[in-house]
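Data block below; observations after.
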Amino acid sequence: MKCKVIICWHKPFLLSELRVIIIKEYFLLPLMNCTRDIDYGPWAGGANKGIMARIKMTEVEVAVTELVEINDDERWMQHAMTLALKAQEEGEVPVGAVLVLDNQVIGEGWNRSIGHHDPTAHAEIMALRQGGSAVQNYRLLDAILYVTLEPCVMCAGAMVHSRIRRVVYGAADAKTGAAGSLMDVLRHPGMNHQVEITAGVLADACSEQLSAFFRFRRSQKKALRLAERAAQDGDIISDNPKE
């Protein structure tokens, strides 16, 4: 990701060009506290210099806030991917979810439908249940849910009911995704609550985690079929020994 450095009161900030408000060239000039004379161009004039300083500071503050948010999203998504490995170890599809409130974990979950004999035991549902217990409320206002795979209709509905503020997902799901791929439950205008969506955070890594699991599962099934075929061939040979 390309970055640029904006100098603000002699402090460097790395700003994402993809998310930051566009900074015009004259915003790259040093601010008023420099000792040498500066041509502020359209901002020339004592009063306007102060306006420029305030505008520049506002732009940089917004940009830095967005950069911090991007870094937090990736950090929590990595945490969700770690939880997904627990599902894989239990023979479940590796999807992990973490629920965050005020930058603190209040709920974690991973797919457990097979082991729990529970079709609702998706990673998101498990995290929401744990979060509700943690705050002693079924409303999870201002919470953010990070999940490695785009939520299904069931999980999206639970997010609407829980009133979380935002969902961040990694890999898109064209077949069952209810956050924009197949349908958009979370932002449907008929709903009494809309959930913000941030899509595609560490999408490649999340997709590869799922793809690797299914490749391994297919190889296991193939090996099992070959073993069964070899056993059948062995039975045929033993039933018809050569004279």
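Residue numbering restarts at 1 for every chain of the structure tokens, chains are lettered A, B, ... in their displayed order, and ligands are numbered from 1 as they appear.
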task: Just list the residues in stretch 191-242 of chain A DSSP gives helix (DSSP H, G or I) on the backbone, as a ChimeraX atom specification.
output: /A:203-239
Which polymer residues have any atom within 9 Å of an atom of stretch 74-88 of chain A, counting only C-alpha atoms, with same-chain residues fewer than 4 positions away left out, as a PyMOL selection string? chain A and resi 69-70+92-98+100+108-112+123+146-148+168-170+201-202+205-206+209+213
Requested in this report: Could you give me, as a PyMOL selection string, the residues within 12 Å of A:Lys175, counting only C-alpha atoms and dropping anything in the same chain fewer than 4 positions from it?
Outcome: chain A and resi 149-153+179-183
Write the selection just made, keeping all heavy atoms, as a short mmCIF file (atom, residue, chain, number, x, y, z; two decimals), in the first residue's frame?
data_model
loop_
_atom_site.label_atom_id
_atom_site.label_comp_id
_atom_site.auth_asym_id
_atom_site.auth_seq_id
_atom_site.Cartn_x
_atom_site.Cartn_y
_atom_site.Cartn_z
N LEU A 149 -15.12 -14.86 7.41
CA LEU A 149 -15.95 -15.12 6.23
C LEU A 149 -17.22 -14.27 6.30
O LEU A 149 -17.79 -14.10 7.39
CB LEU A 149 -16.32 -16.61 6.16
CG LEU A 149 -17.17 -17.06 4.96
CD1 LEU A 149 -16.41 -16.89 3.66
CD2 LEU A 149 -17.61 -18.52 5.14
N GLU A 150 -17.65 -13.77 5.17
CA GLU A 150 -18.86 -12.96 5.11
C GLU A 150 -20.02 -13.68 5.80
O GLU A 150 -20.27 -14.86 5.55
CB GLU A 150 -19.21 -12.68 3.65
CG GLU A 150 -20.42 -11.78 3.47
CD GLU A 150 -20.72 -11.50 2.01
OE1 GLU A 150 -19.95 -11.95 1.14
OE2 GLU A 150 -21.73 -10.82 1.74
N PRO A 151 -20.75 -12.99 6.66
CA PRO A 151 -21.85 -13.62 7.42
C PRO A 151 -22.97 -14.14 6.53
O PRO A 151 -23.26 -13.59 5.47
CB PRO A 151 -22.36 -12.49 8.32
CG PRO A 151 -21.25 -11.50 8.37
CD PRO A 151 -20.55 -11.59 7.05
N CYS A 152 -23.62 -15.21 7.00
CA CYS A 152 -24.79 -15.74 6.32
C CYS A 152 -26.03 -14.98 6.78
O CYS A 152 -25.96 -14.07 7.63
CB CYS A 152 -24.94 -17.23 6.63
SG CYS A 152 -25.36 -17.57 8.36
N VAL A 153 -27.19 -15.35 6.26
CA VAL A 153 -28.44 -14.67 6.60
C VAL A 153 -28.74 -14.78 8.09
O VAL A 153 -29.14 -13.80 8.74
CB VAL A 153 -29.62 -15.24 5.77
CG1 VAL A 153 -30.94 -14.65 6.22
CG2 VAL A 153 -29.40 -14.98 4.29
N ALA A 179 -23.96 -9.94 3.43
CA ALA A 179 -23.43 -8.60 3.68
C ALA A 179 -23.07 -7.92 2.37
O ALA A 179 -22.17 -7.09 2.31
CB ALA A 179 -22.21 -8.67 4.61
N GLY A 180 -23.78 -8.32 1.30
CA GLY A 180 -23.57 -7.67 0.02
C GLY A 180 -23.30 -8.59 -1.15
O GLY A 180 -23.52 -8.20 -2.31
N SER A 181 -22.84 -9.81 -0.90
CA SER A 181 -22.50 -10.70 -2.02
C SER A 181 -23.75 -11.32 -2.63
O SER A 181 -24.03 -11.15 -3.83
CB SER A 181 -21.53 -11.79 -1.55
OG SER A 181 -20.27 -11.23 -1.25
N LEU A 182 -24.51 -12.09 -1.84
CA LEU A 182 -25.76 -12.67 -2.31
C LEU A 182 -26.91 -11.69 -2.07
O LEU A 182 -27.77 -11.50 -2.92
CB LEU A 182 -26.03 -13.99 -1.60
CG LEU A 182 -27.34 -14.70 -1.97
CD1 LEU A 182 -27.29 -15.15 -3.43
CD2 LEU A 182 -27.58 -15.89 -1.05
N MET A 183 -26.92 -11.10 -0.89
CA MET A 183 -27.92 -10.10 -0.50
C MET A 183 -27.30 -9.23 0.59
O MET A 183 -26.21 -9.52 1.08
CB MET A 183 -29.20 -10.77 0.01
CG MET A 183 -29.00 -11.61 1.25
SD MET A 183 -30.51 -12.46 1.77
CE MET A 183 -30.63 -13.70 0.47
#
Quick one: distance from atom CA of A:Gly131 to atom CA of A:Ile106 in Å, one decimal?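 It comes out at 4.9 Å.
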> Interatomic distance between atom CA of A:Arg129 and atom CA of A:Ala158?
Replying inline: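 Calculated distance between atom CA of A:Arg129 and atom CA of A:Ala158 is 9.9 Å.
Separating atom CA of A:Asp72 from atom CA of A:Arg166 is a distance of 13.3 Å.
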Need to verify the contact set: A:Leu99, 6 Å, only C-alpha atoms, exclusion of same-chain residues closer than 3 positions in sequence. Can you return it as a PyMOL selection string? chain A and resi 105-107+144-145
Would you write out those residues with N, CA, C and O atoms, as a PDB file, in the first residue's frame?
ATOM      1  N   VAL A 105     -11.721  -7.243  23.821  1.00  0.00           N
ATOM      2  CA  VAL A 105     -12.471  -8.425  23.415  1.00  0.00           C
ATOM      3  C   VAL A 105     -13.555  -8.731  24.440  1.00  0.00           C
ATOM      4  O   VAL A 105     -13.278  -8.857  25.633  1.00  0.00           O
ATOM      5  N   ILE A 106     -14.797  -8.835  23.980  1.00  0.00           N
ATOM      6  CA  ILE A 106     -15.881  -9.251  24.872  1.00  0.00           C
ATOM      7  C   ILE A 106     -16.504 -10.576  24.424  1.00  0.00           C
ATOM      8  O   ILE A 106     -17.330 -11.139  25.152  1.00  0.00           O
ATOM      9  N   GLY A 107     -16.111 -11.049  23.252  1.00  0.00           N
ATOM     10  CA  GLY A 107     -16.646 -12.317  22.786  1.00  0.00           C
ATOM     11  C   GLY A 107     -15.777 -12.933  21.705  1.00  0.00           C
ATOM     12  O   GLY A 107     -15.216 -12.219  20.878  1.00  0.00           O
ATOM     13  N   ILE A 144     -18.022  -4.033  17.637  1.00  0.00           N
ATOM     14  CA  ILE A 144     -17.586  -4.351  16.279  1.00  0.00           C
ATOM     15  C   ILE A 144     -17.285  -5.845  16.218  1.00  0.00           C
ATOM     16  O   ILE A 144     -16.571  -6.379  17.071  1.00  0.00           O
ATOM     17  N   LEU A 145     -17.843  -6.507  15.219  1.00  0.00           N
ATOM     18  CA  LEU A 145     -17.623  -7.939  15.055  1.00  0.00           C
ATOM     19  C   LEU A 145     -16.697  -8.182  13.871  1.00  0.00           C
ATOM     20  O   LEU A 145     -16.956  -7.709  12.759  1.00  0.00           O
TER      21      LEU A 145
END
Strand (DSSP E or B) call set, DSSP backbone run, stretch 136-234 of chain A, as a PDB file with C-alpha atoms, in the first residue's frame:
ATOM      1  CA  ILE A 144     -17.586  -4.351  16.279  1.00  0.00           C
ATOM      2  CA  LEU A 145     -17.623  -7.939  15.055  1.00  0.00           C
ATOM      3  CA  TYR A 146     -14.675  -9.289  13.077  1.00  0.00           C
ATOM      4  CA  VAL A 147     -15.217 -12.522  11.145  1.00  0.00           C
ATOM      5  CA  THR A 148     -13.057 -14.290   8.601  1.00  0.00           C
ATOM      6  CA  LEU A 149     -15.949 -15.119   6.229  1.00  0.00           C
ATOM      7  CA  ARG A 166     -20.051  -2.498  12.530  1.00  0.00           C
ATOM      8  CA  VAL A 167     -19.065  -5.836  11.037  1.00  0.00           C
ATOM      9  CA  VAL A 168     -15.676  -6.425   9.423  1.00  0.00           C
ATOM     10  CA  TYR A 169     -15.239  -9.543   7.321  1.00  0.00           C
ATOM     11  CA  GLY A 170     -12.388 -11.066   5.367  1.00  0.00           C
ATOM     12  CA  ALA A 171     -13.373 -13.424   2.551  1.00  0.00           C
ATOM     13  CA  ALA A 179     -23.427  -8.599   3.683  1.00  0.00           C
ATOM     14  CA  ASP A 184     -27.474  -7.268   1.987  1.00  0.00           C
ATOM     15  CA  GLU A 196     -21.872  -0.675   8.965  1.00  0.00           C
ATOM     16  CA  ILE A 197     -19.859  -3.053   6.781  1.00  0.00           C
ATOM     17  CA  THR A 198     -16.123  -3.135   6.133  1.00  0.00           C
ATOM     18  CA  ALA A 199     -15.378  -5.842   3.578  1.00  0.00           C
TER      19      ALA A 199
END
